[in-house]
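S.K.: One structure, as structure tokens, below. Some questions next.
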Amino acid sequence: MSNPFRPGNGIMPPYLAGREDEILGFEKSLSSALSLPQNLVLSGIRGTGKTVLLRKFEEICTKKKWLFVKREFNSKLNHESEFLNALLTDIIAKTRGISLAKKLKKPLIGFGRGYKEDIEGDFISVLIQKYKGTLGDRLEAVLTDVYESILDSRYNGLVFLYDEFHFIEDGKIADNHPLSLLLESFSHVQQEGLRYYLVLSGLPQLFPNLVKAKTYSERMFTVKSIGNLSREASQKAIMLPLKNSDINFTNELIDALIEETFGYPYFLQFHPYYLIQNVPKKKIGLKDFKEMHPLLLKELDESFFAGRFNKASDSEQKILFEMARLAPEIKFSELREKAKIDKNYLNQILISLMEKGLIFRVGRGKYRFTLPLLEKFLLRKG
Ligand SMILES: Nc1ncnc2c1ncn2[C@@H]1O[C@H](COP(=O)(O)OP(=O)(O)OP(=O)(O)O)[C@@H](O)[C@H]1O
Ligand SMILES: [Mg+2]
């Protein structure tokens with residue numbers, strides 16, 4: 001019998017536990033969006049299940065007759081023109097269910113017979129040139145022009161399922177404001193009653209980035225924090241997948257796993273998976289877990305923590321160790337006192353750690369780790 005657990009990146013778990021509210025909330029918001037614009041931010045630290053929730057949202061879009069596009073963002077798309085290019089490619093070429101390209105191709109560009117779908121990239125650059133005005137004007141014009149086709153196709157509207165969206169930030173690259181471009185254009189077309197719906201998912205700095213770009217983001221988006229699971233949901237996450245296998249965990253073991261993982265979704269897959277792979281028994285108990293514990297941690301450290309930790313330079317790693325002693329919420333003032341280094345230098349290090357995706361700012365002078373339980377890893381190591 002194969003192992004039912006599925007630790008990984010964006011891999012659908014055997015049972016998606018504890019996300020009933022988010023799923024129902026999204027379903028309801030698609031109904032509300034028929035008459036009032038809706039947009040959603042999913043924010044949470046690494047491995048909490050944002051990507052798999054977006055995958056679940058795909059099913060809901062289909063069920064509720066909304067078209068959707070999905071994309072994983074990265075820092076290269078922080079340039080306005082690259083960003084617009086990605087967005088237009090999504091709208092024109094990636095929308096599931098209908099070809100919006102056809103609508104634009106003929107009247108606007110006059111592509112004749114023989115046009116191949118696989119040169120969409122060229123089509124986008126021609127498209128950008130054909131429209132006039134600022135990049136925002138062009139985006140708005142395209143959104144307006146294709147809208148009719150969406151309605152003709154009898155779908156309710158188009159949802160953008162955008163992942164790793166914290167990478168997109170205004171002013172990160174000089175004179176480039178991709179977020180303003182997005183927020184302005186979407187708020188305009190939504191004000192006109194066009195049913196486009198943004199679902200932006202990423203690390204916790206995502207929403208502050210949006211608000212920094214446009215303060216009205218606060219009124220445009222509902223924010224859902226995706227975090228660790230409740231005790232009850234964690235229990236289901238472990239027990240239900242086991243029901244379909246020939247392996248049993250004792251209640252004692254399940255309790256210990258919930259305590260050890262703090263209900264973090266990735267660990268709720270990783271720990272049971274590891275135990276089943278490495279304990280050749282049908283009934284696994286607390287004693288087996290205790291015996292395996294050092295090896296399990298070693299494997300977790302190597303597969304989950306070490307790669308990201310090693311991105312930090314020596315001096316950054318030293319600060320990370322100091323931070324681990326102050327976690328979960330780390331105050332700049334306390335850190336400075338402990339680390340005994342110059343304020344500006346410490347600031348530089350923190351900026352670099354944020355860029356490497358290891359920490360994020362939670363408020364003025366306060367920071368947290370983006371990896372669950374990183375402090376424990378650091379304390380084990382240090
Ligand atoms: N609700 C859940 N119940 C059980 N397991 C889950 C749940 N959500 C996620 N997982 C598991 O956790 C792991 C991480 O999920 P996912 O990749 O979606 O996280 P993420 O938040 O997108 O992480 P990252 O920020 O690194 O992209 C996967 O192995 C997934 O199967
Ligand atoms: Mg993800």
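As shown in the structure tokens, the chain order sets the letters A, B, ...; within each chain, residues go from 1, and ligands are also counted from 1 in the order they appear.
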Can I get the residues close to ligand 1 as a PyMOL selection string, where close means within 10 Å and we count only C-alpha atoms and all ligand atoms?
M.R.: chain A and resi 5-20+42-55+72+163-164+201-204+226-229+233-238+241+263-270+304+357+370-371
S.K.: From a DSSP pass on the backbone, collect the residues of region 117-307 of chain A flagged as helix (DSSP H, G or I) and hand them back as a PyMOL selection string.
M.R.: chain A and resi 117-130+135-152+165-167+178-191+206-213+217-220+231-243+251-261+265-278+286-307
S.K.: Let me see the file: selected residues, C-alpha atoms, as a tab-separated table (two decimals), in the first residue's frame.
M.R.:
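Saved result, selection26.tsv, follows:
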chain	number	residue	atom	x	y	z
A	117	GLU	CA	-1.76	29.92	-31.66
A	118	ASP	CA	1.82	29.28	-30.67
A	119	ILE	CA	2.98	32.77	-31.57
A	120	GLU	CA	0.86	34.34	-28.87
A	121	GLY	CA	3.96	36.07	-27.55
A	122	ASP	CA	4.30	38.11	-30.75
A	123	PHE	CA	0.64	38.76	-30.70
A	124	ILE	CA	0.96	40.39	-27.29
A	125	SER	CA	3.68	42.78	-28.40
A	126	VAL	CA	1.66	43.75	-31.47
A	127	LEU	CA	-1.33	44.18	-29.22
A	128	ILE	CA	0.51	46.51	-26.85
A	129	GLN	CA	1.62	48.65	-29.78
A	130	LYS	CA	-1.82	48.82	-31.33
A	135	LEU	CA	0.39	50.98	-20.03
A	136	GLY	CA	-2.55	51.28	-17.64
A	137	ASP	CA	-4.76	52.70	-20.40
A	138	ARG	CA	-3.81	49.80	-22.64
A	139	LEU	CA	-4.54	47.23	-19.98
A	140	GLU	CA	-7.90	48.82	-19.31
A	141	ALA	CA	-8.71	48.88	-23.01
A	142	VAL	CA	-7.91	45.19	-23.42
A	143	LEU	CA	-9.93	44.28	-20.33
A	144	THR	CA	-12.85	46.25	-21.72
A	145	ASP	CA	-12.56	44.83	-25.23
A	146	VAL	CA	-12.45	41.18	-24.22
A	147	TYR	CA	-15.21	41.47	-21.65
A	148	GLU	CA	-17.94	41.02	-24.22
A	149	SER	CA	-16.46	37.66	-25.24
A	150	ILE	CA	-16.51	36.53	-21.64
A	151	LEU	CA	-20.19	37.30	-21.38
A	152	ASP	CA	-20.89	35.82	-24.83
A	165	PHE	CA	2.51	37.70	-5.71
A	166	HIS	CA	4.64	39.23	-2.92
A	167	PHE	CA	7.38	39.38	-5.55
A	178	PRO	CA	3.51	47.34	-11.62
A	179	LEU	CA	1.16	47.25	-8.61
A	180	SER	CA	-0.21	50.72	-9.30
A	181	LEU	CA	-0.74	49.67	-12.90
A	182	LEU	CA	-2.71	46.61	-11.82
A	183	LEU	CA	-4.73	48.23	-9.03
A	184	GLU	CA	-5.67	51.32	-11.04
A	185	SER	CA	-6.77	49.40	-14.10
A	186	PHE	CA	-8.72	46.81	-12.18
A	187	SER	CA	-10.44	49.29	-9.92
A	188	HIS	CA	-11.49	51.30	-13.01
A	189	VAL	CA	-12.94	48.37	-14.94
A	190	GLN	CA	-14.56	46.99	-11.80
A	191	GLN	CA	-16.18	50.37	-11.19
A	206	LEU	CA	1.94	41.09	0.01
A	207	PHE	CA	-0.93	43.11	1.46
A	208	PRO	CA	1.29	45.87	2.89
A	209	ASN	CA	2.85	46.14	-0.59
A	210	LEU	CA	-0.59	46.67	-2.11
A	211	VAL	CA	-1.56	49.29	0.46
A	212	LYS	CA	1.73	51.11	-0.04
A	213	ALA	CA	1.03	51.26	-3.78
A	217	SER	CA	-6.43	48.55	-1.69
A	218	GLU	CA	-7.79	48.36	1.84
A	219	ARG	CA	-11.26	48.77	0.39
A	220	MET	CA	-10.66	46.66	-2.71
A	231	ARG	CA	-6.09	20.98	16.76
A	232	GLU	CA	-9.26	19.46	15.40
A	233	ALA	CA	-8.33	20.12	11.77
A	234	SER	CA	-4.80	18.80	12.35
A	235	GLN	CA	-6.29	15.61	13.73
A	236	LYS	CA	-8.39	15.18	10.59
A	237	ALA	CA	-5.40	15.95	8.38
A	238	ILE	CA	-3.63	12.93	9.90
A	239	MET	CA	-6.50	10.55	10.60
A	240	LEU	CA	-8.59	10.73	7.44
A	241	PRO	CA	-5.79	9.82	4.99
A	242	LEU	CA	-4.89	6.85	7.22
A	243	LYS	CA	-8.43	5.51	6.93
A	251	ASN	CA	-3.93	8.24	19.48
A	252	GLU	CA	-0.89	9.02	21.54
A	253	LEU	CA	1.19	9.37	18.41
A	254	ILE	CA	-1.38	11.60	16.73
A	255	ASP	CA	-1.40	13.89	19.77
A	256	ALA	CA	2.38	14.02	19.78
A	257	LEU	CA	2.46	14.87	16.07
A	258	ILE	CA	0.00	17.72	16.51
A	259	GLU	CA	2.05	19.12	19.34
A	260	GLU	CA	5.32	18.75	17.47
A	261	THR	CA	4.08	20.29	14.20
A	265	PRO	CA	0.26	21.98	7.03
A	266	TYR	CA	3.58	21.05	5.44
A	267	PHE	CA	4.76	19.34	8.62
A	268	LEU	CA	1.41	17.55	8.93
A	269	GLN	CA	2.32	15.86	5.64
A	270	PHE	CA	6.04	15.54	6.22
A	271	HIS	CA	6.05	13.88	9.64
A	272	PRO	CA	3.48	11.13	8.94
A	273	TYR	CA	5.03	10.49	5.52
A	274	TYR	CA	8.46	10.07	7.07
A	275	LEU	CA	7.21	7.72	9.75
A	276	ILE	CA	5.41	5.46	7.29
A	277	GLN	CA	8.45	5.38	5.01
A	278	ASN	CA	10.82	4.50	7.81
A	286	LEU	CA	4.70	7.10	20.12
A	287	LYS	CA	7.71	4.94	20.90
A	288	ASP	CA	8.49	4.53	17.17
A	289	PHE	CA	8.20	8.27	16.71
A	290	LYS	CA	10.56	8.96	19.61
A	291	GLU	CA	13.09	6.55	18.16
A	292	MET	CA	12.88	8.12	14.72
A	293	HIS	CA	12.78	11.69	15.98
A	294	PRO	CA	16.46	12.62	15.58
A	295	LEU	CA	16.56	11.22	12.06
A	296	LEU	CA	13.28	12.86	11.14
A	297	LEU	CA	14.57	16.22	12.29
A	298	LYS	CA	17.79	15.73	10.39
A	299	GLU	CA	15.88	15.02	7.20
A	300	LEU	CA	13.54	17.97	7.80
A	301	ASP	CA	16.48	20.27	8.40
A	302	GLU	CA	18.19	19.14	5.24
A	303	SER	CA	15.15	19.16	2.99
A	304	PHE	CA	13.21	22.15	4.28
A	305	PHE	CA	15.39	24.52	6.26
A	306	ALA	CA	18.99	24.18	5.16
A	307	GLY	CA	18.51	25.27	1.54
S.K.: Among region 9-207 of chain A, which ones does DSSP place in strand (DSSP E or B), written as a list of chain:residue names?
M.R.: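 Checking each residue of region 9-207 of chain A, the strand (DSSP E or B) ones are A:Asn39, A:Leu40, A:Val41, A:Leu42, A:Ser43, A:Leu67, A:Phe68, A:Val69, A:Lys70, A:Arg71, A:Glu72, A:Leu158, A:Val159, A:Phe160, A:Leu161, A:Tyr162, A:Asp163, A:Tyr196, A:Tyr197, A:Leu198, A:Val199, A:Leu200, A:Ser201, A:Gly202.
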S.K.: Those selected residues, please, written with C-alpha atoms and delivered as a CSV table (one decimal), in the first residue's frame.
M.R.:
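Output below, filename result-v6.csv:
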chain,number,residue,atom,x,y,z
A,39,ASN,CA,-11.0,40.8,-4.7
A,40,LEU,CA,-9.1,38.6,-2.3
A,41,VAL,CA,-5.6,38.4,-0.7
A,42,LEU,CA,-4.4,35.0,0.7
A,43,SER,CA,-1.4,35.6,2.9
A,67,LEU,CA,-13.3,31.6,-16.1
A,68,PHE,CA,-9.9,31.6,-14.4
A,69,VAL,CA,-6.3,32.1,-15.2
A,70,LYS,CA,-3.4,31.2,-12.9
A,71,ARG,CA,0.2,32.2,-12.7
A,72,GLU,CA,3.2,32.0,-10.3
A,158,LEU,CA,-12.8,36.0,-15.1
A,159,VAL,CA,-10.8,35.2,-11.9
A,160,PHE,CA,-7.1,35.8,-11.7
A,161,LEU,CA,-5.5,33.2,-9.4
A,162,TYR,CA,-2.1,34.8,-8.8
A,163,ASP,CA,0.5,33.0,-6.6
A,196,TYR,CA,-12.9,40.6,-13.1
A,197,TYR,CA,-11.8,39.2,-9.8
A,198,LEU,CA,-8.3,39.3,-8.4
A,199,VAL,CA,-7.1,36.6,-6.0
A,200,LEU,CA,-3.6,37.4,-4.9
A,201,SER,CA,-1.7,34.9,-2.8
A,202,GLY,CA,1.8,35.2,-1.2
S.K.: Using only C-alpha atoms and all ligand atoms for the distances, tell me which of A:Thr222, A:Ser35, A:Asn74, A:Gln348 is nearest to ligand 2.
M.R.: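 Answer, going by the shortest atom-to-atom distance: A:Asn74.
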S.K.: Using only C-alpha atoms, which residues sit within 8 Å of Glu322 (chain A) once same-chain residues fewer than 4 positions away are excluded, as a CSV table (one decimal) with C-alpha atoms, in the first residue's frame?
M.R.:
chain,number,residue,atom,x,y,z
A,318,LYS,CA,24.8,35.2,12.8
A,326,LEU,CA,13.9,36.4,20.3
A,335,LEU,CA,17.9,42.5,18.4
A,338,LYS,CA,21.8,41.4,21.6
A,339,ALA,CA,23.7,41.6,18.3
S.K.: Quick one: everything within 7 Å of region 79-87 of chain A, counting only C-alpha atoms, minus sequence neighbours fewer than 3 positions away in the same chain. Send it as a PDB file with N, CA and C atoms, in the first residue's frame.
M.R.:
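The resulting around_33.pdb:
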ATOM      1  N   LYS A  76      11.410  38.670 -11.675  1.00  0.00           N
ATOM      2  CA  LYS A  76      11.629  39.176 -13.044  1.00  0.00           C
ATOM      3  C   LYS A  76      10.424  39.953 -13.561  1.00  0.00           C
ATOM      4  N   ASP A  90      -1.988  36.165 -20.041  1.00  0.00           N
ATOM      5  CA  ASP A  90      -2.994  35.416 -19.284  1.00  0.00           C
ATOM      6  C   ASP A  90      -4.393  35.664 -19.838  1.00  0.00           C
ATOM      7  N   ILE A  91      -4.686  36.950 -20.040  1.00  0.00           N
ATOM      8  CA  ILE A  91      -6.043  37.283 -20.475  1.00  0.00           C
ATOM      9  C   ILE A  91      -6.315  36.722 -21.871  1.00  0.00           C
ATOM     10  N   ILE A 124       1.042  39.461 -28.422  1.00  0.00           N
ATOM     11  CA  ILE A 124       0.956  40.387 -27.292  1.00  0.00           C
ATOM     12  C   ILE A 124       1.717  41.676 -27.597  1.00  0.00           C
ATOM     13  N   ILE A 173      12.127  48.218  -8.670  1.00  0.00           N
ATOM     14  CA  ILE A 173      12.998  48.561  -9.791  1.00  0.00           C
ATOM     15  C   ILE A 173      12.658  50.005 -10.138  1.00  0.00           C
ATOM     16  N   ASN A 176       9.486  51.821 -11.867  1.00  0.00           N
ATOM     17  CA  ASN A 176       8.542  50.773 -12.262  1.00  0.00           C
ATOM     18  C   ASN A 176       7.494  50.568 -11.170  1.00  0.00           C
ATOM     19  N   HIS A 177       6.243  50.687 -11.572  1.00  0.00           N
ATOM     20  CA  HIS A 177       5.154  50.587 -10.590  1.00  0.00           C
ATOM     21  C   HIS A 177       4.084  49.601 -11.047  1.00  0.00           C
ATOM     22  N   PRO A 178       4.469  48.332 -11.105  1.00  0.00           N
ATOM     23  CA  PRO A 178       3.509  47.340 -11.615  1.00  0.00           C
ATOM     24  C   PRO A 178       2.240  47.226 -10.775  1.00  0.00           C
TER      25      PRO A 178
END
S.K.: Give me, as a list of chain:residue names, all polymer residues having an atom no more than 10 Å from Glu27 (chain A), counting only C-alpha atoms and skipping those fewer than 4 positions away in the same chain.
M.R.: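 The residues satisfying every condition are A:Asp21, A:Glu22, A:Ile23, A:Ser31, A:Ser32, A:Phe57, A:Ile60, A:Cys61, A:Lys63, A:Lys64.
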S.K.: Determine, counting only C-alpha atoms, which protein, DNA and RNA residues have an atom within 10 Å of an atom of Lys381 (chain A); residues of the same chain fewer than 5 positions away are not included. Present the result as a PyMOL selection string.
M.R.: chain A and resi 301+321+375-376
S.K.: Write out as a PDB file with N, CA and C atoms, in the first residue's frame the residues lying within 8 Å of Arg195 (chain A), counting only C-alpha atoms and excluding same-chain residues fewer than 4 positions away.
M.R.:
ATOM      1  N   ALA A  33     -19.931  38.714  -6.283  1.00  0.00           N
ATOM      2  CA  ALA A  33     -19.224  39.432  -7.354  1.00  0.00           C
ATOM      3  C   ALA A  33     -20.091  39.642  -8.588  1.00  0.00           C
ATOM      4  N   LEU A  34     -21.248  38.987  -8.630  1.00  0.00           N
ATOM      5  CA  LEU A  34     -22.146  39.217  -9.765  1.00  0.00           C
ATOM      6  C   LEU A  34     -22.663  40.657  -9.737  1.00  0.00           C
ATOM      7  N   PRO A  37     -18.016  44.336  -7.014  1.00  0.00           N
ATOM      8  CA  PRO A  37     -16.655  43.827  -7.227  1.00  0.00           C
ATOM      9  C   PRO A  37     -16.057  43.201  -5.965  1.00  0.00           C
ATOM     10  N   ASN A 156     -19.592  33.859 -16.004  1.00  0.00           N
ATOM     11  CA  ASN A 156     -19.951  35.017 -15.182  1.00  0.00           C
ATOM     12  C   ASN A 156     -18.880  36.088 -15.142  1.00  0.00           C
ATOM     13  N   GLY A 157     -17.655  35.692 -15.396  1.00  0.00           N
ATOM     14  CA  GLY A 157     -16.560  36.653 -15.326  1.00  0.00           C
ATOM     15  C   GLY A 157     -15.241  35.909 -15.330  1.00  0.00           C
ATOM     16  N   LEU A 158     -14.158  36.645 -15.028  1.00  0.00           N
ATOM     17  CA  LEU A 158     -12.816  36.046 -15.090  1.00  0.00           C
ATOM     18  C   LEU A 158     -12.080  36.265 -13.767  1.00  0.00           C
ATOM     19  N   GLN A 190     -13.572  47.518 -12.757  1.00  0.00           N
ATOM     20  CA  GLN A 190     -14.564  46.989 -11.799  1.00  0.00           C
ATOM     21  C   GLN A 190     -15.619  48.049 -11.475  1.00  0.00           C
TER      22      GLN A 190
END
S.K.: Identify which of the residues A:Arg368, A:Phe73, A:Glu192, A:Leu88 lies closest to ligand 2, counting only C-alpha atoms and all ligand atoms when measuring atom-to-atom distances.
M.R.: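 Ranked by minimum distance to ligand 2, first place goes to A:Phe73.
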